[in-house]
>>> print(open('run01.cif').read())   # mmCIF, C-alpha atoms, pLDDT in the B column; chains and numbers go by the auth columns
data_my_file
#
loop_
_atom_site.group_PDB
_atom_site.id
_atom_site.type_symbol
_atom_site.label_atom_id
_atom_site.label_comp_id
_atom_site.label_asym_id
_atom_site.label_seq_id
_atom_site.Cartn_x
_atom_site.Cartn_y
_atom_site.Cartn_z
_atom_site.B_iso_or_equiv
_atom_site.auth_seq_id
_atom_site.auth_asym_id
ATOM 1 C CA MET A 1 26.028 -10.021 -6.570 82.00 1 B
ATOM 2 C CA ILE A 2 25.338 -8.460 -9.936 89.00 2 B
ATOM 3 C CA ASP A 3 22.824 -5.609 -9.822 85.00 3 B
ATOM 4 C CA TYR A 4 21.432 -5.299 -13.345 85.00 4 B
ATOM 5 C CA VAL A 5 18.789 -2.671 -12.508 86.00 5 B
ATOM 6 C CA GLY A 6 20.408 -0.342 -9.953 85.00 6 B
ATOM 7 C CA GLY A 7 18.497 -1.773 -7.029 89.00 7 B
ATOM 8 C CA LEU A 8 21.322 -1.195 -4.549 91.00 8 B
ATOM 9 C CA ASP A 9 21.393 2.488 -5.457 89.00 9 B
ATOM 10 C CA ASP A 10 17.621 2.627 -4.967 90.00 10 B
ATOM 11 C CA LEU A 11 17.973 0.997 -1.545 91.00 11 B
ATOM 12 C CA ARG A 12 20.583 3.550 -0.530 93.00 12 B
ATOM 13 C CA ALA A 13 18.393 6.376 -1.847 93.00 13 B
ATOM 14 C CA ARG A 14 15.332 4.849 -0.136 94.00 14 B
ATOM 15 C CA VAL A 15 13.234 4.867 -3.291 96.00 15 B
ATOM 16 C CA VAL A 16 10.731 2.380 -4.723 96.00 16 B
ATOM 17 C CA ARG A 17 10.850 2.150 -8.491 94.00 17 B
ATOM 18 C CA SER A 18 9.491 -0.179 -11.125 94.00 18 B
ATOM 19 C CA ILE A 19 11.806 -2.549 -12.923 92.00 19 B
ATOM 20 C CA GLY A 20 11.048 -1.748 -16.531 92.00 20 B
ATOM 21 C CA ASP A 21 8.351 0.550 -17.834 96.00 21 B
ATOM 22 C CA PRO A 22 5.905 1.240 -14.973 96.00 22 B
ATOM 23 C CA ASP A 23 3.001 1.629 -17.419 96.00 23 B
ATOM 24 C CA VAL A 24 3.592 -1.887 -18.718 96.00 24 B
ATOM 25 C CA ARG A 25 4.254 -3.396 -15.288 96.00 25 B
ATOM 26 C CA LEU A 26 1.104 -1.937 -13.730 96.00 26 B
ATOM 27 C CA ARG A 27 -1.084 -3.077 -16.610 95.00 27 B
ATOM 28 C CA GLU A 28 0.422 -6.584 -16.303 95.00 28 B
ATOM 29 C CA ASP A 29 -0.546 -6.762 -12.633 96.00 29 B
ATOM 30 C CA PRO A 30 -2.478 -3.835 -11.138 96.00 30 B
ATOM 31 C CA VAL A 31 -1.920 -5.139 -7.588 96.00 31 B
ATOM 32 C CA ARG A 32 1.653 -3.900 -7.992 96.00 32 B
ATOM 33 C CA MET A 33 0.267 -0.411 -7.378 96.00 33 B
ATOM 34 C CA LEU A 34 -0.865 -1.401 -3.891 96.00 34 B
ATOM 35 C CA ARG A 35 2.332 -3.254 -3.192 96.00 35 B
ATOM 36 C CA ALA A 36 4.552 -0.336 -4.219 97.00 36 B
ATOM 37 C CA ILE A 37 2.667 2.022 -1.940 97.00 37 B
ATOM 38 C CA ALA A 38 2.593 -0.438 0.949 97.00 38 B
ATOM 39 C CA LEU A 39 6.322 -1.152 0.626 97.00 39 B
ATOM 40 C CA ALA A 40 7.213 2.533 0.523 97.00 40 B
ATOM 41 C CA ALA A 41 5.042 3.204 3.585 97.00 41 B
ATOM 42 C CA ARG A 42 6.462 0.275 5.552 95.00 42 B
ATOM 43 C CA LEU A 43 10.102 1.129 4.792 96.00 43 B
ATOM 44 C CA ASP A 44 9.627 4.904 4.855 96.00 44 B
ATOM 45 C CA PHE A 45 10.831 5.125 1.237 97.00 45 B
ATOM 46 C CA THR A 46 9.677 7.501 -1.466 97.00 46 B
ATOM 47 C CA ILE A 47 8.090 6.347 -4.691 97.00 47 B
ATOM 48 C CA GLU A 48 9.875 7.334 -7.886 96.00 48 B
ATOM 49 C CA PRO A 49 7.840 10.049 -9.697 97.00 49 B
ATOM 50 C CA THR A 50 7.303 8.126 -12.950 97.00 50 B
ATOM 51 C CA LEU A 51 5.887 5.235 -10.932 97.00 51 B
ATOM 52 C CA VAL A 52 3.556 7.614 -9.063 97.00 52 B
ATOM 53 C CA ASP A 53 2.433 9.063 -12.408 97.00 53 B
ATOM 54 C CA ALA A 54 1.805 5.565 -13.768 97.00 54 B
ATOM 55 C CA ILE A 55 -0.238 4.672 -10.678 97.00 55 B
ATOM 56 C CA ARG A 56 -2.368 7.778 -11.155 96.00 56 B
ATOM 57 C CA THR A 57 -2.795 7.002 -14.855 97.00 57 B
ATOM 58 C CA HIS A 58 -3.675 3.322 -14.411 96.00 58 B
ATOM 59 C CA ARG A 59 -5.479 3.452 -11.061 95.00 59 B
ATOM 60 C CA HIS A 60 -8.751 2.177 -12.521 94.00 60 B
ATOM 61 C CA GLU A 61 -6.952 -0.967 -13.738 95.00 61 B
ATOM 62 C CA ILE A 62 -7.137 -2.162 -10.123 94.00 62 B
ATOM 63 C CA ALA A 63 -10.721 -3.240 -10.887 90.00 63 B
ATOM 64 C CA LYS A 64 -9.215 -6.066 -12.947 91.00 64 B
ATOM 65 C CA ALA A 65 -7.634 -7.604 -9.834 93.00 65 B
ATOM 66 C CA SER A 66 -9.573 -10.301 -8.051 91.00 66 B
ATOM 67 C CA LEU A 67 -11.309 -9.311 -4.830 89.00 67 B
ATOM 68 C CA PRO A 68 -9.520 -11.993 -2.773 91.00 68 B
ATOM 69 C CA ARG A 69 -6.137 -10.615 -3.875 92.00 69 B
ATOM 70 C CA LEU A 70 -7.178 -7.080 -2.961 90.00 70 B
ATOM 71 C CA LEU A 71 -8.495 -8.197 0.418 87.00 71 B
ATOM 72 C CA GLU A 72 -5.264 -10.054 1.104 90.00 72 B
ATOM 73 C CA GLU A 73 -3.282 -6.888 0.313 91.00 73 B
ATOM 74 C CA TYR A 74 -5.568 -4.878 2.602 87.00 74 B
ATOM 75 C CA TYR A 75 -4.903 -7.273 5.453 86.00 75 B
ATOM 76 C CA LYS A 76 -1.169 -7.090 4.850 90.00 76 B
ATOM 77 C CA ILE A 77 -1.220 -3.302 4.861 92.00 77 B
ATOM 78 C CA LEU A 78 -3.314 -3.184 8.030 89.00 78 B
ATOM 79 C CA ALA A 79 -1.144 -5.733 9.832 88.00 79 B
ATOM 80 C CA ARG A 80 2.289 -4.222 9.240 90.00 80 B
ATOM 81 C CA GLY A 81 2.156 -1.058 11.340 91.00 81 B
ATOM 82 C CA SER A 82 2.215 1.537 8.566 94.00 82 B
ATOM 83 C CA SER A 83 -1.395 1.511 7.409 93.00 83 B
ATOM 84 C CA GLU A 84 -2.111 5.180 8.048 95.00 84 B
ATOM 85 C CA LYS A 85 0.739 6.265 5.805 96.00 85 B
ATOM 86 C CA ALA A 86 -0.151 3.692 3.136 96.00 86 B
ATOM 87 C CA PHE A 87 -3.824 4.637 3.054 93.00 87 B
ATOM 88 C CA ARG A 88 -2.993 8.345 2.931 95.00 88 B
ATOM 89 C CA VAL A 89 -0.847 7.713 -0.157 95.00 89 B
ATOM 90 C CA LEU A 90 -3.567 5.522 -1.673 94.00 90 B
ATOM 91 C CA ALA A 91 -5.955 8.449 -1.246 93.00 91 B
ATOM 92 C CA GLU A 92 -3.399 10.985 -2.510 94.00 92 B
ATOM 93 C CA VAL A 93 -2.709 9.155 -5.774 95.00 93 B
ATOM 94 C CA GLY A 94 -6.410 8.440 -6.358 92.00 94 B
ATOM 95 C CA LEU A 95 -6.154 4.687 -5.891 92.00 95 B
ATOM 96 C CA LEU A 96 -8.391 4.479 -2.835 89.00 96 B
ATOM 97 C CA GLU A 97 -11.503 5.450 -4.798 89.00 97 B
ATOM 98 C CA PRO A 98 -11.472 2.605 -7.348 89.00 98 B
ATOM 99 C CA ILE A 99 -10.548 0.106 -4.631 85.00 99 B
ATOM 100 C CA SER A 100 -13.170 1.121 -2.099 82.00 100 B
ATOM 101 C CA ALA A 101 -15.624 3.957 -2.606 80.00 101 B
ATOM 102 C CA GLU A 102 -16.581 3.660 1.085 81.00 102 B
ATOM 103 C CA LEU A 103 -13.032 4.187 2.292 80.00 103 B
ATOM 104 C CA HIS A 104 -12.528 6.971 -0.236 83.00 104 B
ATOM 105 C CA LEU A 105 -15.594 8.782 1.093 82.00 105 B
ATOM 106 C CA GLY A 106 -14.589 8.015 4.683 80.00 106 B
ATOM 107 C CA ALA A 107 -10.998 9.225 4.263 83.00 107 B
ATOM 108 C CA THR A 108 -11.341 11.795 7.031 85.00 108 B
ATOM 109 C CA ASP A 109 -9.594 12.511 10.304 89.00 109 B
ATOM 110 C CA ALA A 110 -11.575 9.704 11.935 86.00 110 B
ATOM 111 C CA LEU A 111 -10.099 7.133 9.549 86.00 111 B
ATOM 112 C CA TRP A 112 -6.571 8.487 9.940 90.00 112 B
ATOM 113 C CA LYS A 113 -6.877 8.404 13.760 90.00 113 B
ATOM 114 C CA SER A 114 -8.216 4.871 13.658 87.00 114 B
ATOM 115 C CA LEU A 115 -5.381 3.694 11.425 90.00 115 B
ATOM 116 C CA ALA A 116 -2.796 5.545 13.549 92.00 116 B
ATOM 117 C CA ALA A 117 -4.121 3.767 16.657 89.00 117 B
ATOM 118 C CA LEU A 118 -3.999 0.417 14.858 88.00 118 B
ATOM 119 C CA ASP A 119 -0.420 1.105 13.748 91.00 119 B
ATOM 120 C CA ALA A 120 0.640 2.128 17.261 91.00 120 B
ATOM 121 C CA TYR A 121 -0.800 -1.095 18.671 87.00 121 B
ATOM 122 C CA ARG A 122 0.913 -3.235 16.009 89.00 122 B
ATOM 123 C CA ARG A 123 4.296 -1.581 16.570 88.00 123 B
ATOM 124 C CA ARG A 124 4.245 -2.648 20.208 89.00 124 B
ATOM 125 C CA PHE A 125 5.097 -6.166 19.010 87.00 125 B
ATOM 126 C CA GLU A 126 8.155 -7.498 17.219 86.00 126 B
ATOM 127 C CA SER A 127 5.968 -9.478 14.832 84.00 127 B
ATOM 128 C CA THR A 128 2.257 -9.629 14.186 81.00 128 B
ATOM 129 C CA PRO A 129 0.626 -10.983 17.361 77.00 129 B
ATOM 130 C CA ASP A 130 -1.975 -13.762 17.296 75.00 130 B
ATOM 131 C CA THR A 131 -4.500 -11.293 18.713 72.00 131 B
ATOM 132 C CA PHE A 132 -4.186 -9.203 15.565 72.00 132 B
ATOM 133 C CA THR A 133 -7.041 -10.934 13.758 67.00 133 B
ATOM 134 C CA ASN A 134 -8.736 -9.943 10.535 62.00 134 B
ATOM 135 C CA ALA A 135 -11.847 -8.941 12.490 54.00 135 B
ATOM 136 C CA ILE A 136 -9.801 -6.498 14.556 57.00 136 B
ATOM 137 C CA LEU A 137 -8.094 -5.148 11.450 58.00 137 B
ATOM 138 C CA LEU A 138 -11.328 -4.524 9.586 58.00 138 B
ATOM 139 C CA GLY A 139 -13.176 -3.336 12.694 57.00 139 B
ATOM 140 C CA SER A 140 -10.554 -0.688 13.311 55.00 140 B
ATOM 141 C CA CYS A 141 -11.393 0.952 10.000 53.00 141 B
ATOM 142 C CA TRP A 142 -15.141 0.570 10.075 48.00 142 B
ATOM 143 C CA CYS A 143 -15.856 1.812 13.597 47.00 143 B
ATOM 144 C CA LEU A 144 -15.827 5.434 12.443 43.00 144 B
#
>>> encode(input="run01.cif", output="structure tokens")
Amino acid sequence: MIDYVGGLDDLRARVVRSIGDPDVRLREDPVRMLRAIALAARLDFTIEPTLVDAIRTHRHEIAKASLPRLLEEYYKILARGSSEKAFRVLAEVGLLEPISAELHLGATDALWKSLAALDAYRRRFESTPDTFTNAILLGSCWCL
């Protein structure tokens, strides 16, 4: 294997970083912001500081992403067992607000407890169970 971008070092260091200029990459596809945060949360990695800065700078670019793509990413985050951590980082970097004003305003202890309970339930299974439907995922966040 030839590692042209230092990815193996990043894996060992447990860091998520952009390949290339993060400002360019995030403008090319704003959904990458969500994916970077979700990946870091799921793997318990950190996000490289220049990538975090680029996310903060370009967070409003997320409005250019189609709603179905954003909803699909939401479902993925909610279904993987690390949604509380991911949504806390989304709020911390200011990305939750342009994605969902309702979630941004509702980012309180009630939301974090709901997401923690959802994550605890999901982690009881080796893979996502059939009972983990989209209605359950969305209901867990909106029953505040």
>>> resolve_selection(input="run01.cif", expression="the PyMOL selection byres ((chain B and resi 61) around 9)", output="list of chain:residue names")
B:Leu26, B:Arg27, B:Asp29, B:Pro30, B:Val31, B:His58, B:Arg59, B:His60, B:Ile62, B:Ala63, B:Lys64, B:Ala65, B:Pro98
>>> closest_residue(input="run01.cif", among="B:Lys85, B:Leu90, B:Pro129, B:Leu95", to="Ala116 in chain B", atoms="all atoms listed in the file")
B:Lys85
>>> closest_residue(input="run01.cif", among="B:Val16, B:Val24, B:Val5, B:Ala41", to="Ala86 in chain B", atoms="all atoms listed in the file")
B:Ala41
>>> resolve_selection(input="run01.cif", expression="the PyMOL selection byres ((chain B and resi 37) around 10)", output="list in words")
Val16, Arg32, Met33, Leu34, Arg35, Ala36, Ala38, Leu39, Ala40, Ala41, Arg42, Phe45, Thr46, Ile47, Val52, Ile55, Ile77, Lys85, Ala86, Phe87, Arg88, Val89, Leu90 and Val93 of chain B
>>> atom_distance(input="run01.cif", atom1="CA of Leu96 in chain B", atom2="CA of Tyr121 in chain B")
23.5 Å
>>> atom_distance(input="run01.cif", atom1="CA of Val15 in chain B", atom2="CA of Thr50 in chain B")
11.8 Å
>>> resolve_selection(input="run01.cif", expression="the PyMOL selection byres ((chain B and resi 128) around 12)", output="list in words")
Tyr75, Lys76, Ile77, Leu78, Ala79, Arg80, Gly81, Leu118, Asp119, Tyr121, Arg122, Arg123, Arg124, Phe125, Glu126, Ser127, Pro129, Asp130, Thr131, Phe132, Thr133, Asn134 and Leu137 of chain B
>>> closest_residue(input="run01.cif", among="B:Glu48, B:Glu73, B:Asp109, B:Glu97", to="Pro22 in chain B", atoms="all atoms listed in the file")
B:Glu48
>>> closest_residue(input="run01.cif", among="B:Arg69, B:Arg14, B:Arg56, B:Lys113", to="Glu92 in chain B", atoms="only C-alpha atoms")
B:Arg56
>>> axis_aligned_box(input="run01.cif", around="range 114-119 of chain B", padding_each_side="5 Å", output="AutoDock Vina command-line options")
--center_x -4.3 --center_y 3.0 --center_z 14.0 --size_x 17.8 --size_y 15.1 --size_z 15.2
>>> atom_distance(input="run01.cif", atom1="CA of Leu51 in chain B", atom2="CA of Arg25 in chain B")
9.8 Å
